[in-house]
$ cat data-v7.txt   # compact mmCIF, C-alpha atoms
# COMPACT_ATOMS: atom_id res chain seq x y z
CA MET A 140 22.81 25.74 18.88
CA ALA A 141 22.81 26.56 15.19
CA GLN A 142 19.84 28.43 13.80
CA ALA A 143 17.92 27.40 10.69
CA THR A 144 18.83 29.49 7.68
CA GLN A 145 16.41 32.16 6.47
CA ALA A 146 15.54 29.98 3.47
CA THR A 147 14.27 27.21 5.74
CA ILE A 148 11.70 29.17 7.74
CA GLY A 149 8.46 30.79 6.63
CA ASN A 150 5.15 31.65 8.21
CA SER A 151 3.35 28.52 7.03
CA GLU A 152 3.05 25.19 8.77
CA PHE A 153 4.75 23.51 5.82
CA ASP A 154 7.79 25.79 6.12
CA ARG A 155 8.06 25.28 9.87
CA ASP A 156 7.68 21.51 9.64
CA THR A 157 10.26 21.14 6.86
CA ALA A 158 12.84 23.38 8.53
CA VAL A 159 16.37 22.01 8.86
CA VAL A 160 19.13 23.22 11.16
CA PRO A 161 22.81 23.03 10.11
CA ARG A 162 25.00 21.28 12.67
CA PRO A 163 27.88 23.44 13.90
CA GLY A 164 31.24 22.08 12.81
CA GLU A 165 29.69 19.42 10.56
CA PRO A 166 29.34 20.80 7.02
CA GLY A 167 26.45 19.29 5.08
CA VAL A 168 24.79 17.78 8.16
CA TYR A 169 21.37 18.98 9.29
CA ASP A 170 19.00 18.22 12.13
CA ALA A 171 15.25 18.05 11.54
CA GLU A 172 12.13 17.27 13.55
CA LEU A 173 9.67 15.17 11.57
CA SER A 174 6.19 16.37 12.48
CA ALA A 175 3.39 13.99 13.42
CA GLY A 176 1.10 16.33 11.47
CA TRP A 177 2.20 14.74 8.18
CA THR A 178 1.53 11.08 8.99
CA ILE A 179 -0.59 8.64 7.03
CA ILE A 180 -1.68 5.62 9.05
CA HIS A 181 1.44 5.23 11.23
CA ALA A 182 4.17 6.46 8.88
CA VAL A 183 5.31 9.92 7.79
CA ASN A 184 4.16 10.83 4.26
CA GLY A 185 6.81 10.27 1.59
CA GLY A 186 6.23 13.58 -0.19
CA TYR A 187 6.67 15.53 3.04
CA LEU A 188 9.89 13.64 3.71
CA LEU A 189 11.12 14.44 0.22
CA ALA A 190 10.48 18.13 0.88
CA VAL A 191 12.52 17.98 4.10
CA LEU A 192 15.44 16.40 2.26
CA GLY A 193 14.93 18.80 -0.62
CA ARG A 194 15.24 21.77 1.72
CA ALA A 195 18.51 20.48 3.12
CA LEU A 196 19.94 19.92 -0.36
CA GLY A 197 18.82 23.38 -1.46
CA ASP A 198 20.82 24.83 1.41
CA ALA A 199 23.88 22.60 0.93
CA LEU A 200 24.26 22.83 -2.86
CA PRO A 201 25.36 25.90 -4.88
CA HIS A 202 21.95 25.93 -6.60
CA ALA A 203 18.68 26.27 -4.69
CA ASP A 204 15.93 24.80 -6.93
CA PRO A 205 15.24 21.08 -7.35
CA PHE A 206 15.21 19.96 -10.98
CA SER A 207 15.21 16.17 -10.56
CA VAL A 208 14.99 14.31 -7.27
CA SER A 209 15.11 10.51 -7.03
CA ALA A 210 14.43 8.92 -3.66
CA HIS A 211 14.61 5.33 -2.45
CA TYR A 212 12.54 4.70 0.67
CA LEU A 213 14.40 2.13 2.74
CA THR A 214 12.41 1.97 5.98
CA ALA A 215 9.30 3.75 7.24
CA SER A 216 10.00 7.09 8.95
CA VAL A 217 8.33 8.03 12.22
CA PRO A 218 7.67 11.43 13.82
CA GLY A 219 10.56 12.78 15.86
CA PRO A 220 14.21 13.77 15.46
CA ALA A 221 16.06 13.00 12.23
CA VAL A 222 19.52 13.65 10.83
CA ILE A 223 20.16 14.54 7.18
CA ARG A 224 23.62 14.05 5.75
CA THR A 225 24.29 15.67 2.39
CA GLN A 226 27.16 15.46 -0.07
CA THR A 227 27.92 17.56 -3.13
CA VAL A 228 28.67 15.13 -5.95
CA ARG A 229 29.30 17.69 -8.68
CA SER A 230 28.99 21.45 -8.96
CA GLY A 231 28.65 23.03 -12.40
CA ARG A 232 27.79 26.45 -13.76
CA THR A 233 24.08 25.76 -14.41
CA VAL A 234 23.34 22.67 -12.32
CA SER A 235 24.76 20.87 -9.33
CA THR A 236 24.23 17.30 -8.17
CA GLY A 237 24.08 16.09 -4.62
CA GLN A 238 23.00 13.18 -2.52
CA ALA A 239 21.39 13.03 0.89
CA SER A 240 20.35 10.45 3.46
CA LEU A 241 17.76 10.84 6.20
CA LEU A 242 18.48 8.81 9.32
CA GLN A 243 16.74 8.20 12.63
CA TYR A 244 17.71 6.36 15.78
CA GLU A 245 16.07 3.31 17.28
CA GLU A 246 15.42 3.11 21.02
CA ASP A 247 18.68 1.20 21.49
CA GLY A 248 20.62 3.96 19.74
CA THR A 249 21.03 2.11 16.45
CA GLU A 250 21.19 4.47 13.48
CA VAL A 251 18.74 3.53 10.70
CA GLU A 252 18.74 5.05 7.22
CA ARG A 253 15.18 5.85 6.14
CA ILE A 254 15.64 7.45 2.70
CA ARG A 255 18.48 7.98 0.25
CA VAL A 256 18.21 10.69 -2.43
CA LEU A 257 20.20 11.65 -5.53
CA ALA A 258 19.22 15.04 -6.93
CA THR A 259 20.09 17.66 -9.54
CA TYR A 260 19.52 21.32 -8.61
CA GLY A 261 19.63 24.52 -10.63
CA ASP A 262 17.99 27.92 -11.02
CA LEU A 263 14.41 27.75 -12.32
CA ASP A 264 14.42 31.48 -13.06
CA ALA A 265 17.32 30.99 -15.49
CA LEU A 266 15.43 28.54 -17.72
CA THR A 267 14.27 29.62 -21.18
CA ASP A 268 10.62 30.44 -21.84
CA GLU A 269 10.38 28.00 -24.76
CA VAL A 270 7.68 25.32 -24.37
CA ARG A 271 6.93 22.61 -26.93
CA THR A 272 4.50 20.07 -25.53
CA THR A 273 1.69 17.74 -26.46
CA ALA A 274 0.64 17.43 -22.81
CA LEU A 275 -2.77 18.80 -21.87
CA PRO A 276 -4.12 19.83 -18.46
CA PRO A 277 -6.31 17.17 -16.82
CA ALA A 278 -10.06 17.46 -17.34
CA ILE A 279 -11.18 18.15 -13.77
CA PRO A 280 -14.56 19.68 -12.88
CA PRO A 281 -14.53 23.17 -11.32
CA TYR A 282 -13.26 23.36 -7.77
CA GLU A 283 -16.73 23.85 -6.29
CA GLN A 284 -17.97 20.66 -7.99
CA CYS A 285 -15.21 18.47 -6.56
CA LEU A 286 -15.26 16.65 -3.22
CA GLY A 287 -13.21 17.26 -0.09
CA ALA A 288 -13.18 16.01 3.46
CA ALA A 289 -15.91 18.47 4.51
CA ASP A 290 -18.27 17.71 1.64
CA GLY A 291 -20.05 14.65 2.94
CA PRO A 292 -19.57 11.05 4.01
CA ALA A 293 -17.82 9.84 0.86
CA PRO A 294 -14.63 11.95 1.10
CA ALA A 295 -14.53 11.45 4.87
CA ALA A 296 -14.39 7.67 4.37
CA ILE A 297 -10.82 7.69 3.04
CA PRO A 298 -9.19 4.49 4.34
CA GLY A 299 -6.20 5.31 6.47
CA SER A 300 -6.87 9.04 6.53
CA SER A 301 -5.03 10.70 9.36
CA ALA A 302 -3.24 13.84 10.44
CA ILE A 303 -1.98 14.81 6.99
CA THR A 304 -5.53 15.41 5.76
CA ASP A 305 -5.73 18.44 8.08
CA ARG A 306 -2.63 19.97 6.46
CA LEU A 307 -3.97 19.77 2.91
CA ASN A 308 -6.81 21.26 0.92
CA ILE A 309 -7.70 18.56 -1.60
CA LYS A 310 -10.84 18.47 -3.74
CA LEU A 311 -11.14 15.25 -5.72
CA ASP A 312 -12.79 14.75 -9.08
CA PRO A 313 -16.06 12.89 -8.32
CA ALA A 314 -15.18 10.43 -11.11
CA THR A 315 -12.23 9.19 -9.01
CA VAL A 316 -13.87 8.76 -5.58
CA GLY A 317 -15.96 5.65 -6.22
CA TRP A 318 -13.69 3.77 -3.83
CA ALA A 319 -14.98 5.92 -0.95
CA VAL A 320 -18.51 4.50 -1.32
CA GLY A 321 -17.50 0.95 -2.16
CA ALA A 322 -17.71 1.36 -5.94
CA PRO A 323 -14.16 1.79 -7.31
CA SER A 324 -13.98 2.43 -11.06
CA GLY A 325 -11.13 -0.01 -11.66
CA ARG A 326 -9.38 2.57 -13.84
CA GLY A 327 -6.47 3.38 -11.51
CA GLU A 328 -6.92 7.15 -11.75
CA MET A 329 -6.90 9.94 -9.17
CA ARG A 330 -7.46 13.61 -10.01
CA GLY A 331 -8.10 16.71 -7.99
CA TRP A 332 -7.36 20.25 -6.94
CA PHE A 333 -4.53 20.65 -4.45
CA GLY A 334 -3.37 23.31 -2.03
CA LEU A 335 -1.97 23.64 1.46
CA ALA A 336 -4.64 24.16 4.10
CA ASP A 337 -2.98 27.30 5.49
CA GLY A 338 -3.15 29.00 2.09
CA ARG A 339 0.59 28.99 1.36
CA ASP A 340 1.22 29.27 -2.39
CA ALA A 341 3.09 26.47 -4.08
CA ASP A 342 6.79 26.72 -4.88
CA ALA A 343 9.43 24.37 -6.22
CA LEU A 344 9.97 22.75 -2.82
CA SER A 345 6.30 22.12 -2.04
CA LEU A 346 5.89 20.40 -5.42
CA LEU A 347 7.94 17.54 -3.94
CA LEU A 348 5.04 17.06 -1.52
CA THR A 349 2.29 17.61 -4.09
CA VAL A 350 3.22 14.65 -6.30
CA ASP A 351 2.67 12.24 -3.38
CA ALA A 352 -0.25 13.86 -1.55
CA LEU A 353 -3.43 12.53 -3.20
CA PRO A 354 -4.97 9.18 -2.17
CA PRO A 355 -3.25 6.29 -3.96
CA THR A 356 -4.64 5.10 -7.28
CA SER A 357 -4.82 1.60 -5.81
CA PHE A 358 -8.03 2.70 -4.06
CA GLU A 359 -9.71 3.07 -7.45
CA LEU A 360 -8.41 -0.40 -8.33
CA GLY A 361 -10.44 -1.75 -5.42
CA LEU A 362 -7.55 -2.15 -2.98
CA LYS A 363 -7.54 -0.52 0.44
CA GLY A 364 -4.71 0.02 2.87
CA TRP A 365 -1.21 1.43 3.03
CA THR A 366 0.57 1.73 -0.33
CA PRO A 367 4.20 2.32 0.68
CA THR A 368 6.52 4.05 -1.79
CA VAL A 369 9.60 2.11 -2.84
CA GLU A 370 11.08 4.71 -5.21
CA LEU A 371 9.93 8.17 -6.29
CA THR A 372 11.46 10.39 -8.96
CA THR A 373 10.17 13.95 -9.33
CA HIS A 374 10.96 16.46 -12.07
CA VAL A 375 10.24 20.11 -11.31
CA ARG A 376 9.74 21.86 -14.65
CA CYS A 377 9.12 25.47 -13.64
CA ARG A 378 8.16 27.66 -10.71
CA PRO A 379 4.37 27.42 -10.22
CA ALA A 380 2.14 30.48 -10.50
CA PRO A 381 0.05 31.44 -7.44
CA GLY A 382 -3.26 29.67 -7.08
CA PRO A 383 -4.52 26.10 -6.72
CA LEU A 384 -2.80 23.23 -8.48
CA ARG A 385 -4.39 20.43 -10.46
CA VAL A 386 -2.97 16.93 -10.00
CA ALA A 387 -3.61 13.86 -12.15
CA ILE A 388 -2.20 10.45 -11.23
CA THR A 389 -2.56 7.21 -13.18
CA THR A 390 -1.58 3.58 -12.76
CA ARG A 391 -1.53 1.34 -15.82
CA ASN A 392 0.08 -1.80 -14.44
CA LEU A 393 -0.23 -3.58 -11.10
CA ALA A 394 1.73 -6.83 -11.16
CA GLY A 395 3.74 -8.93 -8.77
CA GLY A 396 2.54 -6.93 -5.79
CA PHE A 397 3.86 -3.59 -7.11
CA LEU A 398 2.32 -0.72 -9.07
CA GLU A 399 3.57 2.46 -10.72
CA GLU A 400 2.03 5.90 -10.34
CA ASP A 401 2.62 8.63 -12.92
CA ALA A 402 1.72 12.12 -11.70
CA GLU A 403 1.38 15.47 -13.42
CA VAL A 404 0.97 18.79 -11.61
CA TRP A 405 -0.47 21.82 -13.43
CA ASP A 406 -0.63 25.39 -12.14
CA SER A 407 -3.28 28.09 -12.50
CA THR A 408 -1.84 29.23 -15.87
CA ASP A 409 -2.20 25.74 -17.43
CA ARG A 410 1.55 25.16 -17.17
CA LEU A 411 2.88 21.67 -16.44
CA VAL A 412 5.06 22.41 -13.41
CA ALA A 413 6.00 18.95 -12.13
CA GLN A 414 6.00 15.31 -13.17
CA SER A 415 6.78 12.19 -11.22
CA ARG A 416 6.85 8.43 -11.35
CA GLN A 417 6.91 6.18 -8.34
CA LEU A 418 7.03 2.47 -7.70
CA ALA A 419 4.89 1.43 -4.76
CA ARG A 420 3.99 -1.81 -3.05
CA ALA A 421 0.35 -2.72 -3.54
CA PRO A 422 -1.79 -2.91 -0.39
CA ARG A 423 -1.74 -6.38 1.11
$ encode --input "data-v7.txt" --output "C-alpha cells"
Amino acid sequence: MAQATQATIGNSEFDRDTAVVPRPGEPGVYDAELSAGWTIIHAVNGGYLLAVLGRALGDALPHADPFSVSAHYLTASVPGPAVIRTQTVRSGRTVSTGQASLLQYEEDGTEVERIRVLATYGDLDALTDEVRTTALPPAIPPYEQCLGAADGPAPAAIPGSSAITDRLNIKLDPATVGWAVGAPSGRGEMRGWFGLADGRDADALSLLLTVDALPPTSFELGLKGWTPTVELTTHVRCRPAPGPLRVAITTRNLAGGFLEEDAEVWDSTDRLVAQSRQLARAPR
C-alpha cells in the first residue's frame, strides 16, 4: 500500500484527517478517509473537504500553494472512504492550474462525484512584498471578550452544532450571536477569532477550511438550519503569521432561496491573508 507523502502528514488532527495517499500505478489519483470529526449536522463540512482536495492538488501539481480554488459542491459528502482524481491542466513557471474531483461510493457500488474543483497553485514565498489596499481588519472585541462554546448557554445553543465544533477554537463577536438567544440582528454578519483546537498554526492549506468554518450568516438573518454550499471560491493572498486569525463574513442579498457569503481572513500582523465568496442555499 502506498504511503502518504511527507507533506500530507503532521502532528495535528487537521493534518491527519486531511491526509491523502497516492494510488500505486495511478498517477494523480489519491485515496482519503473523510473523518466524522468534521461533520455539521449529517454532512462533512465544505471547508474541510476543500482542504482535503487542496492537499491532493498540492501534491499533484508542480506548485504547492493554493492561490485560487473554486469548488462546486454536487452532492453532500459523508464520513468514510473517498477517491480524489486530479489532472494538471497547465503548468507554467510561476503558477500551475489543475482540477480535481472527490468521489465516494454508494452501498450498491455506484460512484458518485461529490465535489469538482478548478484551482491555480503557485509559491507564496515568491510573491512580492508590495501591498496597496483599502481593506481594513474587522473591528472585533478582544479575544477574552468574545464568546465560545464554553462561555455560557448562548454559544452552546448553535443550531446544528456537531462534531466539528470540537475541532475548532472559535470566539464570536457578541454583536453577531443574537441568533443564539432568539434575537438575530438581521444584518447578515458573522465575526470572530478562529484557530484549530489542537493549537496548530494556520497555513495556506488550513485557510481553505477557515473561510467556511464560522456559523452561517443566515443565522443572524433569523434563519436556522443547514445552509449547504453550492459554490465556493477562495483566494489565498499570503502565508499567515503564527497566532489566531480574525474572520469576518457578510451577506448582503438573500433572494430566490440562495444567499452569498463574502469572507475575509486576517492574521495576527493585520495582513489580509484570504478572501472568499460562496453561494449557498438558504435554510428551508
$ closest_residue --input "data-v7.txt" --among "A:Tyr260, A:Tyr212, A:Trp405, A:Phe153" --to "A:Arg232" --atoms "only C-alpha atoms"
A:Tyr260
$ atom_distance --input "data-v7.txt" --atom1 "atom CA of A:Ile309" --atom2 "atom CA of A:Gly396"
27.8 Å
$ atom_distance --input "data-v7.txt" --atom1 "atom CA of A:Leu213" --atom2 "atom CA of A:Thr373"
17.4 Å
$ closest_atom_pairs --input "data-v7.txt" --of "stretch 188-300 of chain A" --to "stretch 350-372 of chain A" --cutoff "6 Å" --atoms "all atoms listed in the file" --output "CSV"
residue,atom,partner,partner_atom,distance
A:Val208,CA,A:Thr372,CA,5.5
A:Ser209,CA,A:Thr372,CA,4.1
A:Ala210,CA,A:Leu371,CA,5.3
A:His211,CA,A:Glu370,CA,4.5
A:Tyr212,CA,A:Val369,CA,5.3
$ residues_near_point --input "data-v7.txt" --point "(-13.7, 11.1, -3.6)" --cutoff "12 Å" --atoms "all atoms listed in the file" --output "PDB file with C-alpha atoms, in the frame of the given file"
ATOM      1  CA  GLN A 284     -17.970  20.660  -7.990  1.00  0.00           C
ATOM      2  CA  CYS A 285     -15.210  18.470  -6.560  1.00  0.00           C
ATOM      3  CA  LEU A 286     -15.260  16.650  -3.220  1.00  0.00           C
ATOM      4  CA  GLY A 287     -13.210  17.260  -0.090  1.00  0.00           C
ATOM      5  CA  ALA A 288     -13.180  16.010   3.460  1.00  0.00           C
ATOM      6  CA  ALA A 289     -15.910  18.470   4.510  1.00  0.00           C
ATOM      7  CA  ASP A 290     -18.270  17.710   1.640  1.00  0.00           C
ATOM      8  CA  GLY A 291     -20.050  14.650   2.940  1.00  0.00           C
ATOM      9  CA  PRO A 292     -19.570  11.050   4.010  1.00  0.00           C
ATOM     10  CA  ALA A 293     -17.820   9.840   0.860  1.00  0.00           C
ATOM     11  CA  PRO A 294     -14.630  11.950   1.100  1.00  0.00           C
ATOM     12  CA  ALA A 295     -14.530  11.450   4.870  1.00  0.00           C
ATOM     13  CA  ALA A 296     -14.390   7.670   4.370  1.00  0.00           C
ATOM     14  CA  ILE A 297     -10.820   7.690   3.040  1.00  0.00           C
ATOM     15  CA  PRO A 298      -9.190   4.490   4.340  1.00  0.00           C
ATOM     16  CA  ILE A 309      -7.700  18.560  -1.600  1.00  0.00           C
ATOM     17  CA  LYS A 310     -10.840  18.470  -3.740  1.00  0.00           C
ATOM     18  CA  LEU A 311     -11.140  15.250  -5.720  1.00  0.00           C
ATOM     19  CA  ASP A 312     -12.790  14.750  -9.080  1.00  0.00           C
ATOM     20  CA  PRO A 313     -16.060  12.890  -8.320  1.00  0.00           C
ATOM     21  CA  ALA A 314     -15.180  10.430 -11.110  1.00  0.00           C
ATOM     22  CA  THR A 315     -12.230   9.190  -9.010  1.00  0.00           C
ATOM     23  CA  VAL A 316     -13.870   8.760  -5.580  1.00  0.00           C
ATOM     24  CA  GLY A 317     -15.960   5.650  -6.220  1.00  0.00           C
ATOM     25  CA  TRP A 318     -13.690   3.770  -3.830  1.00  0.00           C
ATOM     26  CA  ALA A 319     -14.980   5.920  -0.950  1.00  0.00           C
ATOM     27  CA  VAL A 320     -18.510   4.500  -1.320  1.00  0.00           C
ATOM     28  CA  GLY A 321     -17.500   0.950  -2.160  1.00  0.00           C
ATOM     29  CA  ALA A 322     -17.710   1.360  -5.940  1.00  0.00           C
ATOM     30  CA  PRO A 323     -14.160   1.790  -7.310  1.00  0.00           C
ATOM     31  CA  SER A 324     -13.980   2.430 -11.060  1.00  0.00           C
ATOM     32  CA  GLU A 328      -6.920   7.150 -11.750  1.00  0.00           C
ATOM     33  CA  MET A 329      -6.900   9.940  -9.170  1.00  0.00           C
ATOM     34  CA  ARG A 330      -7.460  13.610 -10.010  1.00  0.00           C
ATOM     35  CA  GLY A 331      -8.100  16.710  -7.990  1.00  0.00           C
ATOM     36  CA  TRP A 332      -7.360  20.250  -6.940  1.00  0.00           C
ATOM     37  CA  LEU A 353      -3.430  12.530  -3.200  1.00  0.00           C
ATOM     38  CA  PRO A 354      -4.970   9.180  -2.170  1.00  0.00           C
ATOM     39  CA  PRO A 355      -3.250   6.290  -3.960  1.00  0.00           C
ATOM     40  CA  THR A 356      -4.640   5.100  -7.280  1.00  0.00           C
ATOM     41  CA  PHE A 358      -8.030   2.700  -4.060  1.00  0.00           C
ATOM     42  CA  GLU A 359      -9.710   3.070  -7.450  1.00  0.00           C
TER      43      GLU A 359
END
$ residues_around --input "data-v7.txt" --residues "A:Tyr169" --least-positions-apart "3" --cutoff "12 Å" --atoms "all atoms listed in the file" --output "VMD selection string"
chain A and resid 140 to 144 147 157 to 166 172 191 to 199 220 to 226 239 to 242
$ write_last_selection --input "data-v7.txt" --atoms "C-alpha atoms" --output "mmCIF file, in the coordinates of the input"
data_model
loop_
_atom_site.group_PDB
_atom_site.id
_atom_site.type_symbol
_atom_site.label_atom_id
_atom_site.label_comp_id
_atom_site.auth_asym_id
_atom_site.auth_seq_id
_atom_site.Cartn_x
_atom_site.Cartn_y
_atom_site.Cartn_z
ATOM 1 C CA MET A 140 22.810 25.740 18.880
ATOM 2 C CA ALA A 141 22.810 26.560 15.190
ATOM 3 C CA GLN A 142 19.840 28.430 13.800
ATOM 4 C CA ALA A 143 17.920 27.400 10.690
ATOM 5 C CA THR A 144 18.830 29.490 7.680
ATOM 6 C CA THR A 147 14.270 27.210 5.740
ATOM 7 C CA THR A 157 10.260 21.140 6.860
ATOM 8 C CA ALA A 158 12.840 23.380 8.530
ATOM 9 C CA VAL A 159 16.370 22.010 8.860
ATOM 10 C CA VAL A 160 19.130 23.220 11.160
ATOM 11 C CA PRO A 161 22.810 23.030 10.110
ATOM 12 C CA ARG A 162 25.000 21.280 12.670
ATOM 13 C CA PRO A 163 27.880 23.440 13.900
ATOM 14 C CA GLY A 164 31.240 22.080 12.810
ATOM 15 C CA GLU A 165 29.690 19.420 10.560
ATOM 16 C CA PRO A 166 29.340 20.800 7.020
ATOM 17 C CA GLU A 172 12.130 17.270 13.550
ATOM 18 C CA VAL A 191 12.520 17.980 4.100
ATOM 19 C CA LEU A 192 15.440 16.400 2.260
ATOM 20 C CA GLY A 193 14.930 18.800 -0.620
ATOM 21 C CA ARG A 194 15.240 21.770 1.720
ATOM 22 C CA ALA A 195 18.510 20.480 3.120
ATOM 23 C CA LEU A 196 19.940 19.920 -0.360
ATOM 24 C CA GLY A 197 18.820 23.380 -1.460
ATOM 25 C CA ASP A 198 20.820 24.830 1.410
ATOM 26 C CA ALA A 199 23.880 22.600 0.930
ATOM 27 C CA PRO A 220 14.210 13.770 15.460
ATOM 28 C CA ALA A 221 16.060 13.000 12.230
ATOM 29 C CA VAL A 222 19.520 13.650 10.830
ATOM 30 C CA ILE A 223 20.160 14.540 7.180
ATOM 31 C CA ARG A 224 23.620 14.050 5.750
ATOM 32 C CA THR A 225 24.290 15.670 2.390
ATOM 33 C CA GLN A 226 27.160 15.460 -0.070
ATOM 34 C CA ALA A 239 21.390 13.030 0.890
ATOM 35 C CA SER A 240 20.350 10.450 3.460
ATOM 36 C CA LEU A 241 17.760 10.840 6.200
ATOM 37 C CA LEU A 242 18.480 8.810 9.320
#
$ closest_residue --input "data-v7.txt" --among "A:Leu418, A:Thr267, A:Thr272, A:Val412" --to "A:Asp342" --atoms "only C-alpha atoms"
A:Val412
$ atom_distance --input "data-v7.txt" --atom1 "atom CA of A:Pro218" --atom2 "atom CA of A:Ala175"
5.0 Å
$ residues_around --input "data-v7.txt" --residues "A:Pro205" --least-positions-apart "3" --cutoff "10 Å" --atoms "all atoms listed in the file" --output "list in words"
Ala190, Gly193, Arg194, Leu196, Gly197, His202, Val208, Val234, Ser235, Thr236, Ala258, Thr259, Tyr260, Gly261, Asp262, Leu263, Ala343, Leu344, Leu346, Leu347, Thr373, His374, Val375, Arg376 and Cys377 of chain A
$ axis_aligned_box --input "data-v7.txt" --around "stretch 244-252 of chain A" --padding-each-side "4 Å" --output "lines of an AutoDock Vina configuration file"
center_x = 18.3
center_y = 3.8
center_z = 14.4
size_x = 13.8
size_y = 13.2
size_z = 22.3
$ closest_residue --input "data-v7.txt" --among "A:Thr178, A:Asn150, A:Gln417, A:Ser345" --to "A:Thr389" --atoms "all atoms listed in the file"
A:Gln417
$ closest_residue --input "data-v7.txt" --among "A:Ala387, A:Ala413, A:Ala215, A:Ala302" --to "A:Glu252" --atoms "all atoms listed in the file"
A:Ala215
$ closest_residue --input "data-v7.txt" --among "A:Ser207, A:Phe397, A:Ile180, A:Arg253" --to "A:Arg423" --atoms "all atoms listed in the file"
A:Phe397
$ residues_around --input "data-v7.txt" --residues "A:Ile303" --least-positions-apart "2" --cutoff "10 Å" --atoms "only C-alpha atoms" --output "list in words"
Ser174, Ala175, Gly176, Trp177, Thr178, Ile179, Ile180, Val183, Asn184, Tyr187, Ser300, Ser301, Asp305, Arg306, Leu307 and Ala352 of chain A
$ closest_residue --input "data-v7.txt" --among "A:Tyr244, A:Arg326, A:Asp337, A:Pro201" --to "A:Arg229" --atoms "all atoms listed in the file"
A:Pro201
$ build_atoms --input "data-v7.txt" --residues "stretch 147-162 of chain A" --atoms "N, CA, C and O atoms" --output "mmCIF file, keeping the file's coordinate frame"
data_model
loop_
_atom_site.group_PDB
_atom_site.id
_atom_site.type_symbol
_atom_site.label_atom_id
_atom_site.label_comp_id
_atom_site.auth_asym_id
_atom_site.auth_seq_id
_atom_site.Cartn_x
_atom_site.Cartn_y
_atom_site.Cartn_z
ATOM 1 N N THR A 147 14.971 28.376 5.230
ATOM 2 C CA THR A 147 14.270 27.210 5.740
ATOM 3 C C THR A 147 13.014 27.571 6.508
ATOM 4 O O THR A 147 12.233 26.696 6.834
ATOM 5 N N ILE A 148 12.790 28.815 6.848
ATOM 6 C CA ILE A 148 11.700 29.170 7.740
ATOM 7 C C ILE A 148 10.764 30.162 7.073
ATOM 8 O O ILE A 148 11.186 31.164 6.514
ATOM 9 N N GLY A 149 9.489 29.879 7.116
ATOM 10 C CA GLY A 149 8.460 30.790 6.630
ATOM 11 C C GLY A 149 7.343 30.844 7.647
ATOM 12 O O GLY A 149 7.436 30.290 8.741
ATOM 13 N N ASN A 150 6.257 31.510 7.289
ATOM 14 C CA ASN A 150 5.150 31.650 8.210
ATOM 15 C C ASN A 150 4.174 30.475 8.159
ATOM 16 O O ASN A 150 3.294 30.369 9.009
ATOM 17 N N SER A 151 4.312 29.604 7.175
ATOM 18 C CA SER A 151 3.350 28.520 7.030
ATOM 19 C C SER A 151 3.777 27.293 7.826
ATOM 20 O O SER A 151 4.939 27.114 8.183
ATOM 21 N N GLU A 152 2.790 26.441 8.067
ATOM 22 C CA GLU A 152 3.050 25.190 8.770
ATOM 23 C C GLU A 152 4.011 24.318 7.972
ATOM 24 O O GLU A 152 4.903 23.669 8.549
ATOM 25 N N PHE A 153 3.858 24.301 6.664
ATOM 26 C CA PHE A 153 4.750 23.510 5.820
ATOM 27 C C PHE A 153 6.196 23.970 5.981
ATOM 28 O O PHE A 153 7.109 23.150 6.135
ATOM 29 N N ASP A 154 6.424 25.282 5.975
ATOM 30 C CA ASP A 154 7.790 25.790 6.120
ATOM 31 C C ASP A 154 8.368 25.447 7.489
ATOM 32 O O ASP A 154 9.529 25.058 7.600
ATOM 33 N N ARG A 155 7.563 25.600 8.527
ATOM 34 C CA ARG A 155 8.060 25.280 9.870
ATOM 35 C C ARG A 155 8.378 23.797 10.009
ATOM 36 O O ARG A 155 9.393 23.418 10.601
ATOM 37 N N ASP A 156 7.516 22.950 9.449
ATOM 38 C CA ASP A 156 7.680 21.510 9.640
ATOM 39 C C ASP A 156 8.727 20.895 8.720
ATOM 40 O O ASP A 156 9.100 19.731 8.910
ATOM 41 N N THR A 157 9.176 21.639 7.721
ATOM 42 C CA THR A 157 10.260 21.140 6.860
ATOM 43 C C THR A 157 11.584 21.854 7.148
ATOM 44 O O THR A 157 12.556 21.664 6.419
ATOM 45 N N ALA A 158 11.614 22.648 8.197
ATOM 46 C CA ALA A 158 12.840 23.380 8.530
ATOM 47 C C ALA A 158 13.968 22.415 8.889
ATOM 48 O O ALA A 158 13.744 21.357 9.481
ATOM 49 N N VAL A 159 15.176 22.777 8.509
ATOM 50 C CA VAL A 159 16.370 22.010 8.860
ATOM 51 C C VAL A 159 17.391 22.953 9.492
ATOM 52 O O VAL A 159 17.453 24.126 9.144
ATOM 53 N N VAL A 160 18.164 22.415 10.414
ATOM 54 C CA VAL A 160 19.130 23.220 11.160
ATOM 55 C C VAL A 160 20.538 22.682 10.910
ATOM 56 O O VAL A 160 20.833 21.519 11.232
ATOM 57 N N PRO A 161 21.430 23.487 10.329
ATOM 58 C CA PRO A 161 22.810 23.030 10.110
ATOM 59 C C PRO A 161 23.502 22.721 11.425
ATOM 60 O O PRO A 161 23.373 23.468 12.403
ATOM 61 N N ARG A 162 24.239 21.636 11.473
ATOM 62 C CA ARG A 162 25.000 21.280 12.670
ATOM 63 C C ARG A 162 26.314 22.053 12.702
ATOM 64 O O ARG A 162 27.082 22.032 11.730
#
